[in-house]
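Colleague: Following this line is structure15.cif, made up of mmCIF, C-alpha atoms and all ligand atoms:
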data_target
loop_
_atom_site.label_atom_id
_atom_site.label_comp_id
_atom_site.auth_asym_id
_atom_site.auth_seq_id
_atom_site.Cartn_x
_atom_site.Cartn_y
_atom_site.Cartn_z
CA MET R 1 -1.88 -10.89 15.96
CA ASP R 2 1.69 -11.30 14.77
CA HIS R 3 4.58 -13.70 15.18
CA PHE R 4 7.10 -11.37 16.85
CA THR R 5 7.27 -12.65 20.41
CA TYR R 6 9.75 -12.98 23.26
CA LYS R 7 11.13 -16.45 23.92
CA ASN R 8 13.53 -16.81 26.84
CA GLY R 9 13.67 -13.03 27.05
CA VAL R 10 14.74 -12.49 23.43
CA MET R 11 12.46 -11.27 20.66
CA HIS R 12 11.99 -13.81 17.88
CA ALA R 13 10.43 -13.56 14.47
CA GLU R 14 8.55 -16.86 14.41
CA ASN R 15 11.31 -19.23 15.63
CA VAL R 16 14.30 -17.11 14.66
CA PRO R 17 15.97 -14.99 17.36
CA LEU R 18 16.45 -11.46 16.04
CA PRO R 19 20.09 -11.24 17.26
CA LEU R 20 20.94 -14.04 14.83
CA ILE R 21 19.60 -11.96 11.92
CA ALA R 22 21.45 -8.86 13.16
CA ASP R 23 24.72 -10.83 13.34
CA GLU R 24 24.37 -12.38 9.90
CA VAL R 25 22.80 -9.55 7.92
CA GLY R 26 23.74 -6.46 9.91
CA THR R 27 21.50 -3.59 10.96
CA PRO R 28 19.33 -1.75 10.23
CA VAL R 29 17.27 -4.48 8.59
CA TYR R 30 13.56 -5.04 8.01
CA VAL R 31 12.36 -8.44 9.18
CA TYR R 32 9.09 -9.87 7.85
CA SER R 33 7.18 -12.91 9.09
CA ARG R 34 5.69 -15.19 6.47
CA ALA R 35 3.20 -16.73 8.93
CA THR R 36 1.95 -13.25 9.85
CA LEU R 37 1.49 -12.22 6.21
CA GLU R 38 -0.42 -15.43 5.51
CA ARG R 39 -2.52 -15.01 8.62
CA HIS R 40 -3.50 -11.46 7.69
CA ALA R 41 -4.38 -12.51 4.15
CA ARG R 42 -6.59 -15.28 5.55
CA VAL R 43 -8.26 -13.07 8.17
CA PHE R 44 -9.08 -10.41 5.58
CA ARG R 45 -10.56 -13.01 3.21
CA GLU R 46 -12.60 -14.61 6.00
CA ALA R 47 -13.88 -11.18 7.02
CA LEU R 48 -15.35 -10.87 3.53
CA ALA R 49 -16.91 -14.33 3.49
CA ASP R 50 -20.35 -12.75 2.97
CA VAL R 51 -19.23 -10.97 -0.17
CA PRO R 52 -19.85 -13.58 -2.86
CA ASP R 53 -17.87 -12.21 -5.81
CA LYS R 54 -14.62 -10.45 -5.00
CA LEU R 55 -10.97 -9.80 -5.82
CA ILE R 56 -8.61 -8.92 -2.99
CA ALA R 57 -5.72 -7.02 -4.57
CA PHE R 58 -2.82 -6.29 -2.23
CA ALA R 59 -1.70 -2.64 -2.44
CA VAL R 60 1.84 -3.25 -3.67
CA LYS R 61 2.99 0.23 -2.66
CA SER R 62 2.74 -0.79 0.99
CA ASN R 63 5.34 -3.54 0.59
CA PRO R 64 6.61 -4.29 -2.89
CA ASN R 65 9.26 -6.82 -1.88
CA LEU R 66 9.19 -9.72 -4.37
CA ALA R 67 9.26 -12.41 -1.69
CA VAL R 68 6.39 -10.71 0.17
CA LEU R 69 4.39 -10.53 -3.06
CA LYS R 70 5.16 -14.20 -3.70
CA VAL R 71 3.73 -15.14 -0.28
CA LEU R 72 0.61 -13.02 -0.76
CA GLY R 73 0.07 -14.14 -4.36
CA ALA R 74 0.22 -17.76 -3.22
CA ALA R 75 -2.33 -16.84 -0.53
CA GLY R 76 -4.75 -15.89 -3.31
CA MET R 77 -4.25 -12.14 -3.49
CA GLY R 78 -4.14 -10.08 -6.64
CA ALA R 79 -2.28 -6.77 -6.80
CA ASP R 80 -3.19 -3.09 -6.81
CA VAL R 81 -0.37 -1.26 -8.59
CA VAL R 82 0.30 2.42 -9.29
CA SER R 83 3.24 2.20 -11.66
CA VAL R 84 4.74 -0.10 -14.24
CA GLY R 85 7.49 -0.84 -11.75
CA GLU R 86 4.91 -2.22 -9.31
CA MET R 87 3.13 -4.09 -12.11
CA ARG R 88 6.36 -5.81 -13.11
CA ARG R 89 6.95 -6.86 -9.52
CA ALA R 90 3.46 -8.36 -9.23
CA LEU R 91 3.94 -10.27 -12.48
CA ALA R 92 7.43 -11.41 -11.45
CA ALA R 93 5.91 -12.76 -8.22
CA GLY R 94 3.56 -14.90 -10.28
CA ILE R 95 0.37 -12.89 -9.76
CA ALA R 96 -1.93 -13.44 -12.75
CA PRO R 97 -2.37 -10.32 -14.94
CA GLU R 98 -6.17 -10.61 -14.65
CA MET R 99 -5.76 -10.10 -10.91
CA ILE R 100 -3.86 -6.83 -11.30
CA VAL R 101 -5.61 -3.48 -10.92
CA PHE R 102 -3.82 -0.30 -12.08
CA SER R 103 -4.64 2.78 -9.97
CA GLY R 104 -2.85 6.14 -9.88
CA VAL R 105 -3.45 9.71 -11.05
CA GLY R 106 -0.50 10.01 -13.41
CA LYS R 107 -0.38 6.91 -15.60
CA THR R 108 1.80 7.75 -18.60
CA ALA R 109 1.07 6.59 -22.14
CA ALA R 110 4.05 4.23 -21.90
CA GLU R 111 2.61 2.75 -18.71
CA MET R 112 -0.81 2.29 -20.30
CA ILE R 113 0.79 0.47 -23.22
CA ALA R 114 2.84 -1.77 -20.93
CA ALA R 115 -0.24 -2.62 -18.88
CA LEU R 116 -2.31 -3.35 -22.02
CA ASP R 117 0.54 -5.56 -23.27
CA ALA R 118 0.57 -7.43 -19.99
CA GLY R 119 -3.21 -7.92 -20.15
CA ILE R 120 -3.97 -6.59 -16.69
CA GLY R 121 -7.47 -7.02 -15.31
CA GLN R 122 -8.54 -3.45 -14.66
CA PHE R 123 -7.58 0.20 -14.98
CA ASN R 124 -8.98 2.59 -12.40
CA ILE R 125 -9.32 5.79 -14.42
CA GLU R 126 -8.70 8.92 -12.35
CA SER R 127 -9.89 11.65 -14.75
CA GLU R 128 -11.79 12.26 -17.96
CA GLU R 129 -8.51 13.25 -19.61
CA GLU R 130 -6.87 9.98 -18.62
CA GLY R 131 -9.87 7.96 -19.82
CA VAL R 132 -9.81 9.65 -23.24
CA GLU R 133 -6.07 8.95 -23.61
CA LEU R 134 -6.39 5.32 -22.52
CA ALA R 135 -9.32 4.79 -24.90
CA GLU R 136 -7.29 6.20 -27.81
CA ILE R 137 -4.23 4.08 -27.04
CA ALA R 138 -6.24 0.89 -26.58
CA ALA R 139 -8.35 1.48 -29.71
CA GLU R 140 -5.25 2.11 -31.84
CA ARG R 141 -3.97 -1.25 -30.72
CA GLY R 142 -7.29 -2.97 -31.34
CA GLN R 143 -7.76 -3.61 -27.62
CA VAL R 144 -10.46 -2.88 -25.09
CA ALA R 145 -9.26 -1.82 -21.63
CA GLN R 146 -11.45 -3.00 -18.74
CA CYS R 147 -12.01 0.06 -16.55
CA THR R 148 -13.68 1.62 -13.58
CA LEU R 149 -13.94 5.36 -12.97
CA ARG R 150 -12.49 6.51 -9.66
CA ILE R 151 -14.88 8.75 -7.79
CA ASN R 152 -13.87 11.44 -5.31
CA PRO R 153 -16.80 11.22 -2.87
CA ASP R 154 -15.84 14.32 -0.85
CA VAL R 155 -15.71 12.45 2.44
CA ASP R 156 -13.26 13.32 5.19
CA ALA R 157 -11.56 10.08 6.17
CA GLY R 158 -10.49 11.57 9.51
CA THR R 159 -6.89 10.53 9.04
CA HIS R 160 -3.62 12.46 8.59
CA ASP R 161 -4.00 15.15 5.89
CA LYS R 162 -1.13 13.76 3.83
CA ILE R 163 -2.75 10.32 3.50
CA SER R 164 -6.30 11.52 3.01
CA THR R 165 -7.48 11.06 -0.58
CA GLY R 166 -11.26 11.45 -0.72
CA LYS R 167 -11.84 15.13 -0.02
CA ALA R 168 -12.98 17.40 -2.86
CA ASP R 169 -9.67 19.25 -2.98
CA ASN R 170 -7.55 16.07 -3.16
CA LYS R 171 -6.11 15.19 -6.57
CA PHE R 172 -7.76 11.78 -6.76
CA GLY R 173 -10.73 10.66 -8.85
CA VAL R 174 -13.49 12.74 -10.45
CA PRO R 175 -15.88 14.82 -8.34
CA ILE R 176 -18.96 12.79 -7.48
CA SER R 177 -21.11 15.68 -8.66
CA GLU R 178 -19.70 15.30 -12.20
CA ALA R 179 -19.38 11.51 -12.15
CA GLY R 180 -22.56 10.80 -14.14
CA GLN R 181 -21.61 13.14 -16.95
CA ILE R 182 -17.96 11.98 -17.15
CA PHE R 183 -19.00 8.33 -16.98
CA GLY R 184 -21.41 8.91 -19.86
CA ALA R 185 -18.73 10.59 -21.97
CA LEU R 186 -16.12 7.87 -21.38
CA ALA R 187 -18.56 4.97 -21.74
CA ARG R 188 -19.17 5.99 -25.35
CA LEU R 189 -15.52 5.61 -26.36
CA PRO R 190 -14.29 2.55 -28.18
CA GLY R 191 -11.14 1.21 -26.51
CA VAL R 192 -12.57 1.19 -23.00
CA ASN R 193 -15.20 -0.95 -21.36
CA LEU R 194 -16.25 1.24 -18.46
CA ARG R 195 -17.84 -1.34 -16.21
CA GLY R 196 -17.90 0.26 -12.78
CA VAL R 197 -16.65 2.75 -10.25
CA ALA R 198 -13.84 2.89 -7.68
CA VAL R 199 -13.15 4.75 -4.46
CA HIS R 200 -10.31 5.06 -1.94
CA ILE R 201 -10.67 7.78 0.68
CA GLY R 202 -7.43 7.44 2.61
CA SER R 203 -5.16 5.28 4.68
CA GLN R 204 -4.75 4.31 8.35
CA LEU R 205 -8.48 4.86 8.94
CA ALA R 206 -9.42 4.48 12.58
CA ASP R 207 -13.17 4.67 12.05
CA LEU R 208 -15.51 2.83 9.68
CA ALA R 209 -18.05 5.66 9.46
CA PRO R 210 -16.30 7.66 6.71
CA LEU R 211 -15.80 4.47 4.69
CA GLU R 212 -19.46 3.60 5.07
CA ALA R 213 -20.45 7.13 4.04
CA ALA R 214 -18.28 6.88 0.92
CA PHE R 215 -19.61 3.42 0.04
CA ALA R 216 -23.19 4.60 0.48
CA LYS R 217 -22.56 7.50 -1.92
CA LEU R 218 -21.08 5.01 -4.36
CA GLY R 219 -24.13 2.77 -4.05
CA ALA R 220 -26.40 5.68 -4.92
CA LEU R 221 -24.18 6.52 -7.89
CA VAL R 222 -24.32 2.92 -9.14
CA GLU R 223 -28.10 3.13 -9.05
CA ALA R 224 -28.10 6.44 -10.92
CA LEU R 225 -25.69 5.13 -13.55
CA ARG R 226 -27.85 2.06 -14.09
CA GLY R 227 -30.85 4.35 -14.33
CA ALA R 228 -29.05 6.18 -17.13
CA GLY R 229 -28.63 2.89 -18.99
CA HIS R 230 -25.09 1.90 -18.01
CA THR R 231 -24.14 -1.66 -17.14
CA ILE R 232 -22.29 -1.74 -13.83
CA THR R 233 -20.61 -5.02 -12.93
CA HIS R 234 -17.59 -3.98 -10.84
CA VAL R 235 -17.03 -1.72 -7.85
CA ASP R 236 -13.58 -1.17 -6.35
CA LEU R 237 -13.72 -0.19 -2.66
CA GLY R 238 -9.99 0.57 -2.27
CA GLY R 239 -8.06 -0.02 0.94
CA GLY R 240 -7.51 2.11 4.00
CA LEU R 241 -8.18 -0.02 7.07
CA GLY R 242 -5.87 1.12 9.87
CA VAL R 243 -3.70 -0.97 12.16
CA PRO R 244 -2.72 -0.41 15.82
CA TYR R 245 0.69 1.26 16.16
CA ARG R 246 0.45 1.81 19.92
CA VAL R 247 0.14 -0.87 22.56
CA GLY R 248 -3.52 -1.17 23.53
CA GLU R 249 -4.80 0.88 20.58
CA VAL R 250 -8.06 -0.57 19.28
CA LEU R 251 -9.04 -0.20 15.63
CA PRO R 252 -11.96 -1.60 13.67
CA ALA R 253 -11.23 -5.29 13.09
CA PRO R 254 -11.33 -6.74 9.57
CA ALA R 255 -14.46 -8.66 10.64
CA GLU R 256 -16.27 -5.39 11.49
CA TYR R 257 -15.16 -3.90 8.18
CA GLY R 258 -16.35 -7.03 6.36
CA ALA R 259 -19.75 -6.95 8.07
CA MET R 260 -20.20 -3.27 7.17
CA VAL R 261 -19.23 -3.90 3.54
CA ALA R 262 -21.56 -6.89 3.25
CA ARG R 263 -24.44 -4.86 4.71
CA VAL R 264 -23.92 -1.75 2.55
CA THR R 265 -23.29 -3.61 -0.72
CA LYS R 266 -25.73 -6.52 -0.41
CA ASP R 267 -28.04 -5.36 -3.21
CA TRP R 268 -25.40 -4.02 -5.58
CA GLY R 269 -25.04 -7.22 -7.63
CA VAL R 270 -21.44 -6.51 -8.62
CA LYS R 271 -17.99 -8.00 -8.22
CA LEU R 272 -16.21 -6.10 -5.44
CA ILE R 273 -12.51 -5.32 -5.56
CA PHE R 274 -10.53 -4.57 -2.39
CA GLU R 275 -7.07 -3.01 -2.20
CA PRO R 276 -5.76 -3.55 1.35
CA GLY R 277 -2.13 -2.75 2.05
CA ARG R 278 -1.27 -1.77 5.60
CA VAL R 279 -3.71 -4.17 7.26
CA ILE R 280 -1.99 -7.07 5.52
CA ALA R 281 1.67 -6.08 5.81
CA GLY R 282 1.91 -3.58 8.68
CA ASN R 283 2.21 -5.88 11.65
CA ALA R 284 4.05 -8.50 9.62
CA GLY R 285 7.32 -6.57 9.81
CA VAL R 286 9.70 -4.88 12.24
CA LEU R 287 12.71 -2.66 11.66
CA LEU R 288 15.62 -4.15 13.59
CA THR R 289 18.21 -1.61 14.68
CA ARG R 290 21.26 -1.36 16.93
CA VAL R 291 21.95 1.40 19.43
CA VAL R 292 25.03 3.30 18.26
CA ARG R 293 25.40 5.38 21.38
CA VAL R 294 23.47 6.89 24.27
CA LYS R 295 24.18 10.61 24.49
CA ARG R 296 23.50 12.71 27.58
CA GLY R 297 20.80 15.34 27.04
CA ILE R 298 19.77 18.48 28.93
CA LYS R 299 16.62 16.67 30.01
CA ASP R 300 16.40 13.13 28.62
CA PRO R 301 19.22 11.14 27.04
CA PHE R 302 19.30 10.59 23.28
CA VAL R 303 19.28 6.95 22.24
CA ILE R 304 20.96 7.14 18.84
CA VAL R 305 20.07 4.08 16.77
CA ASP R 306 21.56 3.02 13.43
CA ALA R 307 18.18 3.24 11.65
CA ALA R 308 17.17 6.69 10.44
CA MET R 309 14.44 8.62 8.68
CA ASN R 310 15.81 7.40 5.34
CA ASP R 311 15.02 3.81 6.40
CA LEU R 312 11.69 4.49 8.14
CA ALA R 313 10.19 7.76 6.97
CA ARG R 314 6.74 7.71 8.58
CA PRO R 315 7.64 9.47 11.86
CA ALA R 316 9.46 12.28 10.03
CA LEU R 317 6.83 12.61 7.29
CA TYR R 318 3.59 12.24 9.23
CA GLY R 319 4.62 12.53 12.85
CA ALA R 320 3.70 8.85 13.07
CA TYR R 321 4.18 6.92 16.29
CA PRO R 322 6.55 3.97 16.06
CA HIS R 323 6.44 1.48 18.93
CA PHE R 324 10.02 0.89 20.10
CA GLU R 325 11.30 -1.89 22.33
CA ALA R 326 14.46 -3.77 23.21
CA VAL R 327 15.16 -7.14 21.60
CA ALA R 328 16.53 -8.48 24.90
CA PRO R 329 15.07 -6.26 27.63
CA LYS R 330 16.95 -6.32 30.92
CA GLY R 331 13.95 -5.27 32.96
CA GLY R 332 14.69 -1.58 33.56
CA GLN R 333 13.09 1.40 31.87
CA MET R 334 14.36 4.75 30.69
CA THR R 335 12.83 7.93 29.35
CA ALA R 336 14.71 8.95 26.21
CA ASN R 337 14.63 10.66 22.86
CA ILE R 338 14.95 8.00 20.16
CA VAL R 339 16.81 9.43 17.18
CA GLY R 340 18.69 8.35 14.06
CA PRO R 341 22.11 9.52 12.86
CA ILE R 342 20.88 11.79 10.03
CA CYS R 343 21.74 15.46 10.16
CA GLU R 344 18.21 16.77 10.60
CA THR R 345 16.15 17.31 13.70
CA GLY R 346 13.33 15.59 11.80
CA ASP R 347 15.29 12.36 12.15
CA THR R 348 13.54 11.74 15.45
CA PHE R 349 11.46 8.64 16.13
CA ALA R 350 10.20 9.70 19.57
CA MET R 351 10.78 12.43 22.18
CA GLY R 352 10.53 11.79 25.91
CA ARG R 353 9.54 8.19 25.36
CA THR R 354 9.51 5.77 28.26
CA CYS R 355 10.95 2.54 26.90
CA ASP R 356 13.16 -0.42 27.76
CA ALA R 357 16.52 0.68 29.16
CA LEU R 358 19.11 0.43 26.39
CA GLU R 359 22.86 0.80 26.10
CA ALA R 360 25.22 1.19 23.16
CA GLY R 361 25.50 -1.99 21.11
CA GLU R 362 22.12 -3.40 22.12
CA LEU R 363 19.37 -4.28 19.65
CA ALA R 364 15.88 -2.81 19.45
CA VAL R 365 12.94 -2.88 17.06
CA PHE R 366 10.42 -0.50 15.64
CA ARG R 367 7.23 -2.52 15.38
CA THR R 368 4.52 -2.38 12.73
CA ALA R 369 7.04 -1.51 10.05
CA GLY R 370 6.00 -4.05 7.43
CA ALA R 371 3.91 -1.53 5.49
CA TYR R 372 5.22 1.81 4.17
CA GLY R 373 8.62 1.00 5.66
CA ALA R 374 11.36 -0.21 3.33
CA THR R 375 9.26 0.85 0.34
CA MET R 376 9.65 4.52 1.33
CA ALA R 377 13.38 4.29 2.07
CA SER R 378 15.86 6.66 0.45
CA SER R 379 19.64 6.96 0.45
CA TYR R 380 19.69 10.40 2.08
CA ASN R 381 22.97 11.24 3.80
CA SER R 382 24.50 8.56 1.49
CA ARG R 383 23.40 5.82 3.84
CA GLY R 384 22.49 3.28 1.16
CA PHE R 385 19.28 1.25 1.09
CA VAL R 386 18.23 -0.91 4.02
CA ALA R 387 18.21 -4.73 3.71
CA GLU R 388 15.13 -6.94 4.10
CA VAL R 389 14.76 -10.47 5.53
CA LEU R 390 11.86 -12.90 5.41
CA VAL R 391 11.44 -15.44 8.22
CA ASP R 392 9.61 -18.73 7.75
CA GLY R 393 9.45 -20.89 10.87
CA ASP R 394 13.03 -21.48 11.93
CA ARG R 395 14.64 -20.38 8.68
CA PHE R 396 15.24 -16.96 7.18
CA ALA R 397 16.53 -15.47 3.97
CA VAL R 398 17.75 -12.07 2.83
CA VAL R 399 15.01 -10.98 0.40
CA ALA R 400 16.56 -7.60 -0.44
CA ASP R 401 20.27 -6.96 -0.31
CA ARG R 402 21.53 -3.90 1.46
CA ILE R 403 22.51 -1.47 -1.31
CA GLU R 404 25.64 0.15 -0.02
CA ALA R 405 26.27 3.86 -0.53
CA GLY R 406 29.23 2.93 -2.71
CA ALA R 407 27.01 1.10 -5.20
CA ILE R 408 24.84 4.19 -5.55
CA MET R 409 27.94 6.33 -6.09
CA ASP R 410 29.07 3.86 -8.78
CA ALA R 411 25.97 4.80 -10.80
CA GLU R 412 27.06 8.46 -10.86
CA ARG R 413 29.37 10.03 -13.43
CA VAL R 414 31.64 13.03 -13.40
CA PRO R 415 31.61 14.45 -16.97
CA GLU R 416 34.91 14.72 -18.75
CA TRP R 417 34.70 18.52 -18.82
CA LEU R 418 34.85 18.55 -15.02
CA ALA R 419 37.74 16.15 -14.73
N1 LIG R 501 -5.69 1.78 -2.99
C1 LIG R 501 -5.28 3.02 -3.33
C2 LIG R 501 -5.82 3.62 -4.55
C3 LIG R 501 -4.37 3.71 -2.53
O1 LIG R 501 -3.98 4.94 -2.88
C4 LIG R 501 -3.86 3.10 -1.36
C5 LIG R 501 -2.90 3.80 -0.51
C6 LIG R 501 -4.29 1.81 -1.03
C7 LIG R 501 -5.22 1.19 -1.86
C8 LIG R 501 -3.81 1.06 0.19
O2 LIG R 501 -4.18 1.69 1.35
P1 LIG R 501 -3.96 0.97 2.77
O3 LIG R 501 -4.87 -0.22 2.83
O4 LIG R 501 -2.54 0.57 2.86
O5 LIG R 501 -4.30 2.02 3.75
N2 LIG R 501 2.74 6.31 2.95
C9 LIG R 501 1.56 6.48 3.76
C10 LIG R 501 0.36 5.74 3.20
C11 LIG R 501 -0.01 6.15 1.81
C12 LIG R 501 -1.16 5.37 1.25
C13 LIG R 501 -1.39 5.70 -0.16
N3 LIG R 501 -2.44 4.97 -0.79
C14 LIG R 501 1.85 6.04 5.18
O6 LIG R 501 2.96 5.60 5.47
O7 LIG R 501 0.97 6.14 6.05
#
In structure tokens, what does this structure look like?
Ligand code: LLP

Modeller:
Amino acid sequence: MDHFTYKNGVMHAENVPLPLIADEVGTPVYVYSRATLERHARVFREALADVPDKLIAFAVKSNPNLAVLKVLGAAGMGADVVSVGEMRRALAAGIAPEMIVFSGVGKTAAEMIAALDAGIGQFNIESEEEGVELAEIAAERGQVAQCTLRINPDVDAGTHDKISTGKADNKFGVPISEAGQIFGALARLPGVNLRGVAVHIGSQLADLAPLEAAFAKLGALVEALRGAGHTITHVDLGGGLGVPYRVGEVLPAPAEYGAMVARVTKDWGVKLIFEPGRVIAGNAGVLLTRVVRVKRGIKDPFVIVDAAMNDLARPALYGAYPHFEAVAPKGGQMTANIVGPICETGDTFAMGRTCDALEAGELAVFRTAGAYGATMASSYNSRGFVAEVLVDGDRFAVVADRIEAGAIMDAERVPEWLA
């Protein structure tokens, strides 16, 4: 459930009519709902009520906006980060360092040092090589890094190939077949306290079965590691729960996920860490856009909107389906190709889509854009970076300025020898 609803025929974010935001901030603009973010944080926590000891660490990559992190931090979430940039955002939003988990396959030495300096709660080590390097760096500094070892369970998550992370040929984690040996080697090193294992098999998962299969493999591994004399106190189960992008699409609810987790992990006797991203932020945001022009087509017309693949990359990158609707529908329908202004055919949000009838100058939204939306924006075609707004009841604030193309150009230099 979200707080983007029609009131008197006009879509509102909570109590704010979207045309007001478009007038004051311009378009395209991402609009987030505080009440929706808080609701999703609460629902996810309640779903895990039967898991006694846990940390829910929001996957910052899904929406790193400072104001969003502030809302989620205040709602009791920690942060899952994959770069020092994300770590700094989580800290700036007031999230306690102990509640920050550092994942990612390519942590640099400088990032390890910054994270040790900040005193973050956990490193999820992705390879033996990384573990050895982290142990050396921590030991040199007289520190002990709290760590888990990320396992690649070789489970097909059944999602898009580009967001699948738990198959044997993916770059993530260590092969489960070698996990015991690598764990043993790293556990001996001063500088790291290897206290558990981690897994994340992919994103936008529409089925709990692959997750359950991965968790079951992890449970068996925990038993084997304990059998070999290791002390296992933490298991990180990652994120991945999908959200509905289409009207009427039904996905596993957080409560079903929570029940499965509680059942599979009930005898593990560990603290569980969760790293949800999309399920928290996805439906808490829309991308508000204005129709530039409707162009006649051979078959269907092209509705050219002022948002493009640089603002919302998922359709171009993964062929993802974005739900599209008018902010003030007039009642009629049209079948159209919804496209952005960028000079690539890939800048297409939908082909042959039946949607609200729209004319030039009217407003529309792409729904479910709160996760992996603004965070994946670029300035391609020198379009600048899209603005972001947070709504709270009947007030709203710009929480990320639009970065105009001119400001990006200002950061560029023409060397003297070209002048
Ligand atoms: N933990 C780890 C280690 C991850 O790699 C990810 C996502 C998450 C947690 C959060 O997963 P979530 O709960 O959001 O599914 N840009 C793609 C999604 C990439 C996800 C990468 N990792 C998209 O737009 O679909």

Colleague: Using only C-alpha atoms, determine which residues lie at most 12 Å from segment 14-25 of chain R, disregarding the query and same-chain residues fewer than 4 positions distant; provide the list as a PDB file with C-alpha atoms, keeping the file's coordinate frame.

Modeller:
ATOM      1  CA  ASP R   2       1.690 -11.300  14.770  1.00  0.00           C
ATOM      2  CA  HIS R   3       4.580 -13.700  15.180  1.00  0.00           C
ATOM      3  CA  PHE R   4       7.100 -11.370  16.850  1.00  0.00           C
ATOM      4  CA  THR R   5       7.270 -12.650  20.410  1.00  0.00           C
ATOM      5  CA  TYR R   6       9.750 -12.980  23.260  1.00  0.00           C
ATOM      6  CA  LYS R   7      11.130 -16.450  23.920  1.00  0.00           C
ATOM      7  CA  ASN R   8      13.530 -16.810  26.840  1.00  0.00           C
ATOM      8  CA  GLY R   9      13.670 -13.030  27.050  1.00  0.00           C
ATOM      9  CA  VAL R  10      14.740 -12.490  23.430  1.00  0.00           C
ATOM     10  CA  VAL R  29      17.270  -4.480   8.590  1.00  0.00           C
ATOM     11  CA  TYR R  30      13.560  -5.040   8.010  1.00  0.00           C
ATOM     12  CA  VAL R  31      12.360  -8.440   9.180  1.00  0.00           C
ATOM     13  CA  TYR R  32       9.090  -9.870   7.850  1.00  0.00           C
ATOM     14  CA  SER R  33       7.180 -12.910   9.090  1.00  0.00           C
ATOM     15  CA  ARG R  34       5.690 -15.190   6.470  1.00  0.00           C
ATOM     16  CA  ALA R  35       3.200 -16.730   8.930  1.00  0.00           C
ATOM     17  CA  THR R  36       1.950 -13.250   9.850  1.00  0.00           C
ATOM     18  CA  LEU R  37       1.490 -12.220   6.210  1.00  0.00           C
ATOM     19  CA  ALA R 284       4.050  -8.500   9.620  1.00  0.00           C
ATOM     20  CA  GLY R 285       7.320  -6.570   9.810  1.00  0.00           C
ATOM     21  CA  VAL R 286       9.700  -4.880  12.240  1.00  0.00           C
ATOM     22  CA  LEU R 287      12.710  -2.660  11.660  1.00  0.00           C
ATOM     23  CA  LEU R 288      15.620  -4.150  13.590  1.00  0.00           C
ATOM     24  CA  THR R 289      18.210  -1.610  14.680  1.00  0.00           C
ATOM     25  CA  ARG R 290      21.260  -1.360  16.930  1.00  0.00           C
ATOM     26  CA  ASP R 306      21.560   3.020  13.430  1.00  0.00           C
ATOM     27  CA  ALA R 326      14.460  -3.770  23.210  1.00  0.00           C
ATOM     28  CA  VAL R 327      15.160  -7.140  21.600  1.00  0.00           C
ATOM     29  CA  ALA R 328      16.530  -8.480  24.900  1.00  0.00           C
ATOM     30  CA  GLY R 361      25.500  -1.990  21.110  1.00  0.00           C
ATOM     31  CA  GLU R 362      22.120  -3.400  22.120  1.00  0.00           C
ATOM     32  CA  LEU R 363      19.370  -4.280  19.650  1.00  0.00           C
ATOM     33  CA  ALA R 364      15.880  -2.810  19.450  1.00  0.00           C
ATOM     34  CA  VAL R 365      12.940  -2.880  17.060  1.00  0.00           C
ATOM     35  CA  VAL R 386      18.230  -0.910   4.020  1.00  0.00           C
ATOM     36  CA  ALA R 387      18.210  -4.730   3.710  1.00  0.00           C
ATOM     37  CA  GLU R 388      15.130  -6.940   4.100  1.00  0.00           C
ATOM     38  CA  VAL R 389      14.760 -10.470   5.530  1.00  0.00           C
ATOM     39  CA  LEU R 390      11.860 -12.900   5.410  1.00  0.00           C
ATOM     40  CA  VAL R 391      11.440 -15.440   8.220  1.00  0.00           C
ATOM     41  CA  ASP R 392       9.610 -18.730   7.750  1.00  0.00           C
ATOM     42  CA  GLY R 393       9.450 -20.890  10.870  1.00  0.00           C
ATOM     43  CA  ASP R 394      13.030 -21.480  11.930  1.00  0.00           C
ATOM     44  CA  ARG R 395      14.640 -20.380   8.680  1.00  0.00           C
ATOM     45  CA  PHE R 396      15.240 -16.960   7.180  1.00  0.00           C
ATOM     46  CA  ALA R 397      16.530 -15.470   3.970  1.00  0.00           C
ATOM     47  CA  VAL R 398      17.750 -12.070   2.830  1.00  0.00           C
ATOM     48  CA  VAL R 399      15.010 -10.980   0.400  1.00  0.00           C
ATOM     49  CA  ALA R 400      16.560  -7.600  -0.440  1.00  0.00           C
ATOM     50  CA  ASP R 401      20.270  -6.960  -0.310  1.00  0.00           C
ATOM     51  CA  ARG R 402      21.530  -3.900   1.460  1.00  0.00           C
TER      52      ARG R 402
END

Colleague: Can I get the residues close to ligand LIG 501 (chain R) as an MDAnalysis selection string, where close means within 9 Å and we count all atoms listed in the file?

Modeller: chainID R and resid 57:62 80:82 102:104 124 150 160 162:165 172 198:205 237:243 274:282 313:315 317:318 320 371:373 375:376

Colleague: Under the rule that all atoms listed in the file are counted, which of R:Leu134, R:Ile56, R:Val43, R:Val339 is the nearest residue to Cys147 of chain R?

Modeller: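 Ranking R:Leu134, R:Ile56, R:Val43, R:Val339 by distance to Cys147 of chain R, first place goes to R:Leu134.
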
Colleague: In the coordinates of the file, take the point (13.7, 5.0, 16.2) and a cut-off of 10 Å; then, counting only C-alpha atoms, name each qualifying protein, DNA or RNA residue as a PyMOL selection string.

Modeller: chain R and resi 287-291+303-309+311-312+315+321-325+337-340+347-351+364-367

Colleague: Would you list the residues near (-24.4, 0.4, -15.6), meaning any protein, DNA or RNA residue with an atom at most 12 Å from that point in file coordinates, counting only C-alpha atoms, as number ranges by chain?

Modeller: R: 148-149, 180, 183-184, 187, 193-197, 219, 221-235, 268-270

Colleague: Starting from 6 Å padding per side, set up an axis-aligned box that covers all listed atoms of segment 283-286 of chain R and hand over centre and edge lengths in Å, one decimal, as JSON.

Modeller:
{"center_x": 6.0, "center_y": -6.7, "center_z": 10.9, "size_x": 19.5, "size_y": 15.6, "size_z": 14.6}
